[in-house]
>>> print(open('run_20.txt').read())   # compact mmCIF, C-alpha atoms and all ligand atoms
# COMPACT_ATOMS: atom_id res chain seq x y z
CA MET C 1 -10.07 -31.66 -6.87
CA LEU C 2 -10.88 -34.80 -8.85
CA GLY C 3 -8.11 -35.79 -11.23
CA MET C 4 -6.06 -32.66 -10.64
CA LYS C 5 -2.82 -32.71 -8.67
CA THR C 6 -2.15 -30.54 -5.61
CA VAL C 7 0.99 -28.64 -4.69
CA PHE C 8 1.66 -27.38 -1.15
CA ILE C 9 3.91 -24.29 -1.24
CA THR C 10 5.31 -22.79 1.96
CA GLY C 11 6.41 -19.17 1.78
CA ALA C 12 3.96 -18.52 -1.06
CA SER C 13 3.31 -14.84 -0.28
CA SER C 14 6.46 -13.55 -1.97
CA GLY C 15 9.38 -14.26 -4.28
CA ILE C 16 10.08 -17.82 -5.35
CA GLY C 17 7.01 -19.26 -3.61
CA PHE C 18 4.75 -16.67 -5.22
CA ALA C 19 6.22 -17.47 -8.64
CA CYS C 20 5.74 -21.20 -8.03
CA ALA C 21 2.04 -20.62 -7.29
CA GLU C 22 1.58 -18.93 -10.68
CA ILE C 23 3.45 -21.65 -12.60
CA PHE C 24 1.76 -24.60 -10.93
CA ALA C 25 -1.65 -22.94 -11.41
CA ARG C 26 -0.73 -22.49 -15.09
CA GLU C 27 -0.05 -26.25 -15.15
CA LYS C 28 -3.50 -26.83 -13.61
CA TYR C 29 -2.41 -27.86 -10.11
CA ASN C 30 -4.64 -27.06 -7.16
CA LEU C 31 -2.70 -24.87 -4.73
CA LEU C 32 -2.31 -25.18 -0.97
CA LEU C 33 -0.54 -21.94 -0.03
CA ALA C 34 0.98 -21.12 3.34
CA SER C 35 2.76 -18.14 4.86
CA ARG C 36 2.33 -15.70 7.72
CA ARG C 37 0.96 -12.86 5.52
CA VAL C 38 -2.26 -14.64 4.70
CA ASP C 39 -3.80 -11.43 3.31
CA ARG C 40 -1.32 -11.63 0.45
CA LEU C 41 -2.28 -15.27 -0.12
CA HIS C 42 -5.97 -14.41 -0.34
CA ALA C 43 -5.25 -11.65 -2.85
CA MET C 44 -3.17 -13.94 -5.06
CA ALA C 45 -5.71 -16.76 -4.72
CA THR C 46 -8.46 -14.60 -6.21
CA ASP C 47 -6.20 -13.58 -9.09
CA LEU C 48 -4.98 -17.11 -9.85
CA GLN C 49 -8.44 -18.69 -9.55
CA ASN C 50 -9.80 -16.16 -12.05
CA LYS C 51 -6.84 -16.69 -14.37
CA TYR C 52 -6.50 -20.49 -14.28
CA GLY C 53 -9.67 -21.88 -12.72
CA VAL C 54 -7.81 -24.01 -10.18
CA GLN C 55 -8.82 -24.55 -6.57
CA ILE C 56 -6.75 -22.69 -3.97
CA HIS C 57 -6.64 -23.01 -0.20
CA ALA C 58 -4.67 -20.37 1.70
CA ILE C 59 -3.50 -20.92 5.27
CA GLY C 60 -1.83 -18.54 7.67
CA LEU C 61 1.15 -20.46 9.01
CA ASP C 62 4.39 -19.73 10.82
CA VAL C 63 6.50 -22.81 10.05
CA ARG C 64 8.60 -22.19 13.17
CA ASP C 65 5.66 -23.19 15.37
CA LYS C 66 5.80 -26.99 15.64
CA ASN C 67 2.39 -27.35 17.27
CA LEU C 68 0.72 -24.90 14.89
CA VAL C 69 2.08 -26.72 11.84
CA GLN C 70 0.62 -30.04 13.03
CA LYS C 71 -2.66 -28.41 14.15
CA VAL C 72 -3.18 -26.61 10.83
CA TRP C 73 -2.38 -29.82 8.94
CA ASN C 74 -4.74 -31.93 11.09
CA GLU C 75 -7.55 -29.41 10.63
CA LEU C 76 -7.23 -29.28 6.84
CA PRO C 77 -10.23 -30.66 4.90
CA GLU C 78 -9.35 -34.26 3.92
CA ASN C 79 -9.20 -33.46 0.22
CA TRP C 80 -6.50 -30.85 0.92
CA LYS C 81 -4.28 -33.46 2.56
CA VAL C 82 -3.71 -35.30 -0.74
CA ILE C 83 -0.46 -33.53 -1.59
CA ASP C 84 1.37 -34.54 -4.77
CA VAL C 85 4.21 -32.00 -4.48
CA LEU C 86 5.46 -30.28 -1.32
CA ILE C 87 7.70 -27.25 -1.94
CA ASN C 88 9.57 -26.42 1.27
CA ASN C 89 10.34 -22.86 0.25
CA ALA C 90 9.73 -20.70 3.37
CA GLY C 91 13.04 -19.24 4.45
CA LEU C 92 15.09 -16.15 5.10
CA SER C 93 18.38 -14.70 6.10
CA GLN C 94 18.90 -12.20 8.89
CA GLY C 95 21.92 -9.91 8.96
CA LEU C 96 25.34 -10.31 7.36
CA GLU C 97 27.84 -10.07 10.22
CA PRO C 98 30.99 -12.05 11.02
CA ILE C 99 30.36 -14.79 13.58
CA GLN C 100 31.92 -12.90 16.45
CA GLU C 101 29.50 -9.97 15.92
CA GLY C 102 26.40 -11.96 15.02
CA ASN C 103 23.00 -11.42 16.65
CA THR C 104 21.96 -14.67 18.30
CA ASP C 105 18.28 -13.85 17.85
CA ASP C 106 18.97 -13.62 14.10
CA TRP C 107 20.67 -17.00 14.29
CA ASP C 108 17.66 -18.53 16.06
CA ARG C 109 15.28 -17.10 13.46
CA MET C 110 17.24 -18.57 10.53
CA ILE C 111 17.63 -21.98 12.18
CA ASP C 112 13.99 -22.05 13.31
CA THR C 113 12.68 -21.11 9.86
CA ASN C 114 15.05 -22.63 7.31
CA LEU C 115 15.79 -25.85 9.13
CA LYS C 116 13.26 -26.64 11.84
CA GLY C 117 10.35 -25.16 9.87
CA LEU C 118 11.21 -27.37 6.90
CA LEU C 119 11.38 -30.38 9.23
CA TYR C 120 8.03 -29.65 10.89
CA VAL C 121 6.18 -29.25 7.60
CA THR C 122 7.81 -32.38 6.15
CA ARG C 123 6.90 -34.39 9.25
CA ALA C 124 3.26 -33.33 8.88
CA VAL C 125 2.99 -34.05 5.15
CA ALA C 126 5.24 -37.07 4.51
CA PRO C 127 3.16 -39.72 6.33
CA ALA C 128 0.21 -39.14 3.99
CA MET C 129 2.55 -39.46 1.00
CA GLN C 130 3.93 -42.69 2.51
CA GLU C 131 0.42 -44.07 2.92
CA ARG C 132 -0.40 -43.30 -0.73
CA LYS C 133 3.04 -44.51 -1.86
CA THR C 134 3.52 -41.46 -4.02
CA GLY C 135 4.69 -37.86 -3.71
CA HIS C 136 7.49 -35.39 -4.35
CA ILE C 137 9.23 -33.16 -1.82
CA ILE C 138 11.21 -30.23 -3.24
CA ASN C 139 13.42 -28.42 -0.74
CA ILE C 140 14.66 -24.96 -1.64
CA GLY C 141 18.33 -25.01 -0.78
CA SER C 142 20.91 -22.58 -2.10
CA ILE C 143 24.40 -22.10 -3.47
CA ALA C 144 24.89 -21.16 0.19
CA GLY C 145 24.26 -24.82 0.92
CA LYS C 146 27.19 -25.82 -1.27
CA GLU C 147 29.70 -23.04 -0.53
CA VAL C 148 30.12 -20.42 2.17
CA TYR C 149 30.80 -16.71 1.83
CA PRO C 150 32.11 -14.01 4.17
CA ASN C 151 29.64 -13.26 6.99
CA GLY C 152 27.25 -15.90 5.66
CA ASN C 153 28.01 -18.25 8.57
CA VAL C 154 24.64 -19.27 10.06
CA TYR C 155 22.55 -18.77 6.91
CA CYS C 156 25.00 -20.93 4.96
CA SER C 157 24.93 -23.58 7.67
CA THR C 158 21.13 -23.79 7.54
CA LYS C 159 21.29 -24.35 3.79
CA HIS C 160 24.09 -26.91 4.20
CA ALA C 161 21.71 -28.66 6.61
CA VAL C 162 18.95 -28.56 3.97
CA ASP C 163 21.43 -30.16 1.54
CA ALA C 164 22.13 -33.01 3.96
CA LEU C 165 18.46 -33.40 4.90
CA THR C 166 17.46 -33.68 1.24
CA LYS C 167 19.91 -36.56 0.74
CA ALA C 168 18.74 -38.28 3.95
CA MET C 169 15.05 -37.82 3.16
CA ARG C 170 15.58 -39.36 -0.26
CA ILE C 171 16.96 -42.54 1.34
CA ASP C 172 14.17 -42.77 3.91
CA LEU C 173 11.35 -42.12 1.44
CA LEU C 174 12.56 -44.12 -1.56
CA PRO C 175 10.76 -47.32 -0.43
CA TYR C 176 7.48 -45.40 -0.69
CA ASN C 177 8.07 -44.08 -4.20
CA ILE C 178 8.46 -40.53 -2.90
CA LYS C 179 10.87 -38.34 -4.85
CA VAL C 180 13.06 -35.80 -3.03
CA THR C 181 14.76 -32.89 -4.80
CA SER C 182 16.82 -29.88 -3.81
CA VAL C 183 16.72 -26.74 -5.97
CA ASP C 184 19.64 -24.48 -5.13
CA PRO C 185 19.62 -20.98 -6.55
CA GLY C 186 22.30 -18.31 -6.57
CA ALA C 187 21.30 -14.67 -6.19
CA VAL C 188 17.56 -14.13 -6.85
CA GLU C 189 16.08 -10.64 -6.69
CA THR C 190 13.11 -11.04 -4.34
CA GLU C 191 12.26 -9.62 -0.91
CA PHE C 192 15.06 -11.81 0.44
CA SER C 193 17.65 -9.03 0.84
CA VAL C 194 15.11 -6.52 2.21
CA VAL C 195 14.29 -9.13 4.87
CA ARG C 196 17.99 -9.84 5.47
CA PHE C 197 18.74 -6.16 5.98
CA LYS C 198 15.56 -5.62 8.03
CA GLY C 199 13.84 -3.18 5.72
CA ASP C 200 16.93 -1.31 4.47
CA ARG C 201 15.88 -1.17 0.82
CA GLU C 202 18.88 0.89 -0.24
CA ARG C 203 21.28 -1.72 1.08
CA ALA C 204 19.16 -4.50 -0.40
CA LYS C 205 19.16 -2.85 -3.84
CA LYS C 206 22.96 -2.64 -3.85
CA VAL C 207 23.20 -6.42 -3.65
CA TYR C 208 21.88 -6.73 -7.22
CA GLU C 209 23.73 -3.80 -8.80
CA GLY C 210 26.19 -4.48 -11.59
CA PHE C 211 24.85 -7.86 -12.70
CA THR C 212 21.68 -9.62 -13.71
CA PRO C 213 20.42 -11.80 -10.85
CA LEU C 214 18.00 -14.67 -11.25
CA SER C 215 14.32 -13.80 -11.10
CA ALA C 216 11.85 -15.69 -8.94
CA GLU C 217 10.30 -16.97 -12.18
CA ASP C 218 13.67 -18.38 -13.33
CA VAL C 219 13.79 -20.46 -10.16
CA ALA C 220 10.11 -21.44 -10.28
CA GLU C 221 10.52 -22.74 -13.85
CA ALA C 222 13.45 -24.88 -12.62
CA ILE C 223 11.28 -26.17 -9.78
CA TRP C 224 8.53 -26.98 -12.30
CA PHE C 225 11.06 -28.83 -14.45
CA ALA C 226 11.99 -31.04 -11.50
CA ALA C 227 8.34 -31.58 -10.53
CA SER C 228 7.26 -32.47 -14.06
CA ARG C 229 9.77 -35.25 -14.82
CA PRO C 230 8.28 -38.67 -15.59
CA PRO C 231 7.92 -41.21 -12.76
CA HIS C 232 11.25 -42.98 -13.48
CA VAL C 233 13.27 -39.70 -13.32
CA ASN C 234 14.29 -37.91 -10.12
CA VAL C 235 16.15 -34.60 -10.17
CA ASN C 236 18.28 -35.01 -7.04
CA ASP C 237 19.87 -31.57 -7.01
CA LEU C 238 19.43 -28.59 -9.34
CA LEU C 239 21.95 -25.75 -8.88
CA LEU C 240 21.18 -22.65 -10.94
CA MET C 241 23.14 -19.40 -10.86
CA PRO C 242 23.13 -16.00 -12.48
CA THR C 243 25.63 -16.28 -15.33
CA ALA C 244 27.54 -13.37 -13.75
CA GLN C 245 27.90 -15.18 -10.42
CA ALA C 246 30.74 -17.67 -10.60
CA THR C 247 30.63 -18.52 -6.91
CA SER C 248 28.60 -17.52 -3.87
CA THR C 249 31.35 -15.15 -2.71
CA LEU C 250 30.74 -12.91 -5.75
CA PHE C 251 27.22 -12.44 -4.47
CA HIS C 252 28.29 -10.25 -1.58
CA LYS C 253 30.39 -7.34 -2.73
CA GLU C 254 30.34 -5.83 0.76
CA PRO C 255 33.70 -5.95 2.60
N1 LIG D 301 16.62 -14.76 -2.92
C1 LIG D 301 17.74 -15.45 -3.01
O1 LIG D 301 18.81 -14.93 -3.41
C2 LIG D 301 17.76 -16.88 -2.63
C3 LIG D 301 16.77 -17.44 -1.84
N2 LIG D 301 16.85 -18.77 -1.50
C4 LIG D 301 15.82 -19.37 -0.66
O2 LIG D 301 14.58 -19.30 -1.37
C5 LIG D 301 13.50 -19.36 -0.43
C6 LIG D 301 12.51 -18.27 -0.76
O3 LIG D 301 13.15 -17.01 -0.59
P1 LIG D 301 12.80 -15.74 -1.51
O4 LIG D 301 11.58 -16.01 -2.31
O5 LIG D 301 14.04 -15.30 -2.20
O6 LIG D 301 12.50 -14.65 -0.38
P2 LIG D 301 11.19 -13.81 0.00
O7 LIG D 301 11.57 -13.07 1.23
O8 LIG D 301 10.68 -13.07 -1.18
O9 LIG D 301 10.09 -14.94 0.38
C7 LIG D 301 10.24 -15.68 1.55
C8 LIG D 301 8.92 -16.38 1.83
O10 LIG D 301 9.08 -17.16 3.01
C9 LIG D 301 8.00 -16.88 3.87
N3 LIG D 301 8.39 -17.05 5.28
C10 LIG D 301 9.43 -16.48 5.93
N4 LIG D 301 9.42 -16.86 7.22
C11 LIG D 301 8.33 -17.67 7.38
C12 LIG D 301 7.77 -18.36 8.48
N5 LIG D 301 8.30 -18.30 9.69
N6 LIG D 301 6.66 -19.11 8.28
C13 LIG D 301 6.11 -19.19 7.05
N7 LIG D 301 6.59 -18.57 5.95
C14 LIG D 301 7.69 -17.80 6.14
C15 LIG D 301 7.60 -15.43 3.59
O11 LIG D 301 6.21 -15.26 3.87
P3 LIG D 301 5.63 -14.45 5.14
O12 LIG D 301 6.59 -13.35 5.47
O13 LIG D 301 4.30 -13.96 4.58
O14 LIG D 301 5.49 -15.48 6.22
C16 LIG D 301 7.79 -15.39 2.07
O15 LIG D 301 6.62 -15.84 1.42
C17 LIG D 301 14.17 -19.22 0.95
O16 LIG D 301 14.25 -20.52 1.53
C18 LIG D 301 15.57 -18.71 0.63
O17 LIG D 301 16.52 -19.10 1.60
C19 LIG D 301 17.87 -19.59 -1.92
C20 LIG D 301 18.86 -19.07 -2.72
C21 LIG D 301 18.86 -17.70 -3.13
C1 LIG D 302 22.29 -17.38 -2.46
C2 LIG D 302 21.36 -17.31 -1.28
O1 LIG D 302 20.87 -18.27 -0.74
C3 LIG D 302 21.10 -16.03 -0.70
N1 LIG D 302 20.66 -15.08 -1.64
C4 LIG D 302 22.39 -15.57 -0.04
O2 LIG D 302 22.52 -14.40 0.22
O3 LIG D 302 23.18 -16.43 0.26
>>> encode(input="run_20.txt", output="structure tokens", more="lines below")
Ligand SMILES: NC(=O)C1=CN([C@@H]2O[C@H](COP(=O)(O)OP(=O)(O)OC[C@H]3O[C@@H](n4cnc5c(N)ncnc54)[C@H](OP(=O)(O)O)[C@@H]3O)[C@@H](O)[C@H]2O)C=CC1
Ligand SMILES: CC(=O)[C@H](N)C(=O)O
Amino acid sequence: MLGMKTVFITGASSGIGFACAEIFAREKYNLLLASRRVDRLHAMATDLQNKYGVQIHAIGLDVRDKNLVQKVWNELPENWKVIDVLINNAGLSQGLEPIQEGNTDDWDRMIDTNLKGLLYVTRAVAPAMQERKTGHIINIGSIAGKEVYPNGNVYCSTKHAVDALTKAMRIDLLPYNIKVTSVDPGAVETEFSVVRFKGDRERAKKVYEGFTPLSAEDVAEAIWFAASRPPHVNVNDLLLMPTAQATSTLFHKEP
């Protein structure tokens, strides 16, 4: 661990988080990886350790579980609590219905993951950054945190909350030299839509037909850009879109 920086990535088992793990390992960061599918994390850890020679610690974690988040953090070996960059990436959408037809369990899952999960992980990690008077928290927001689109109601509101939280966290943490950034992608072809449509791969595929979406790597490179700025530079908010997607509403072609 000596001399090398450490990045803590939530939601590292797939998509943007998975791509971040590869890029930060390439840049010789040690990786603290968390998600529920810890088998995937172990598999990627072996691959990345062989490829880049960095140290990797994988933890099974459901960010919705407040007590588990704190327990897992408390039980980490001390050297894995020295986090230079926290990437609050874990998140999802569930369903795409108008508000009056929405599934309230879906709503709970999005709020518990995208908002409360981000809060619980930040609350566990930020005090150690405060103590060391250094750190960088990168929240993965969305164009859905800047605009809303038909049937996007609760998902969009969770990402609007992430937008507000990022601004508030920056104020609170500035006295301790902790940077706070929001990276806000447009449409990215990951498992996101398969999760949204609960395994309906045909429906998920249709989301990306007719245009070139962002790749997880496109977003991870943007996250690396923000993380690799010199000490006097903070990227407050980085919005990146597929060229073909003028606004979030173009993202959903469904009626
Ligand atoms: N794809 C897109 O178009 C866009 C995505 N985003 C945001 O990017 C982030 C990453 O999404 P993306 O990579 O696309 O989607 P993926 O579905 O590919 O990845 C989501 C990741 O989040 C993890 N995750 C989900 N729920 C939990 C949980 N309760 N506890 C811990 N980890 C969890 C999943 O791991 P596991 O299931 O193993 O727990 C997985 O690693 C999300 O916050 C999303 O809102 C923003 C804009 C656009
Ligand atoms: C742009 C996103 O955050 C997401 N892909 C969505 O469907 O809104």
>>> residues_around(input="run_20.txt", residues="segment 207-222 of chain C", least_positions_apart="6", cutoff="8 Å", atoms="all atoms listed in the file", output="PDB file with C-alpha atoms, in the frame of the given file")
ATOM      1  CA  GLY C  15       9.380 -14.260  -4.280  1.00  0.00           C
ATOM      2  CA  ILE C  16      10.080 -17.820  -5.350  1.00  0.00           C
ATOM      3  CA  GLY C  17       7.010 -19.260  -3.610  1.00  0.00           C
ATOM      4  CA  ALA C  19       6.220 -17.470  -8.640  1.00  0.00           C
ATOM      5  CA  CYS C  20       5.740 -21.200  -8.030  1.00  0.00           C
ATOM      6  CA  ILE C  23       3.450 -21.650 -12.600  1.00  0.00           C
ATOM      7  CA  VAL C 183      16.720 -26.740  -5.970  1.00  0.00           C
ATOM      8  CA  PRO C 185      19.620 -20.980  -6.550  1.00  0.00           C
ATOM      9  CA  GLY C 186      22.300 -18.310  -6.570  1.00  0.00           C
ATOM     10  CA  ALA C 187      21.300 -14.670  -6.190  1.00  0.00           C
ATOM     11  CA  VAL C 188      17.560 -14.130  -6.850  1.00  0.00           C
ATOM     12  CA  GLU C 189      16.080 -10.640  -6.690  1.00  0.00           C
ATOM     13  CA  THR C 190      13.110 -11.040  -4.340  1.00  0.00           C
ATOM     14  CA  SER C 193      17.650  -9.030   0.840  1.00  0.00           C
ATOM     15  CA  LEU C 238      19.430 -28.590  -9.340  1.00  0.00           C
ATOM     16  CA  LEU C 240      21.180 -22.650 -10.940  1.00  0.00           C
ATOM     17  CA  MET C 241      23.140 -19.400 -10.860  1.00  0.00           C
ATOM     18  CA  PRO C 242      23.130 -16.000 -12.480  1.00  0.00           C
ATOM     19  CA  THR C 243      25.630 -16.280 -15.330  1.00  0.00           C
ATOM     20  CA  ALA C 244      27.540 -13.370 -13.750  1.00  0.00           C
ATOM     21  CA  PHE C 251      27.220 -12.440  -4.470  1.00  0.00           C
ATOM     22  CA  HIS C 252      28.290 -10.250  -1.580  1.00  0.00           C
ATOM     23  CA  LYS C 253      30.390  -7.340  -2.730  1.00  0.00           C
TER      24      LYS C 253
END
>>> residues_around(input="run_20.txt", residues="Asp39 of chain C", least_positions_apart="2", cutoff="10 Å", atoms="only C-alpha atoms", output="PyMOL selection string")
chain C and resi 13+35-37+41-45+58-60
>>> closest_residue(input="run_20.txt", among="C:Pro98, C:Gly199, C:Gly135, C:Gly53", to="ligand LIG 301 (chain D)", atoms="all atoms listed in the file")
C:Gly199
>>> closest_residue(input="run_20.txt", among="C:Leu86, C:Met4, C:Ala164, C:Ile143", to="Leu33 of chain C", atoms="all atoms listed in the file")
C:Leu86
>>> closest_residue(input="run_20.txt", among="C:Thr113, C:Thr46, C:Ser157, C:Asn151", to="Asn88 of chain C", atoms="only C-alpha atoms")
C:Thr113
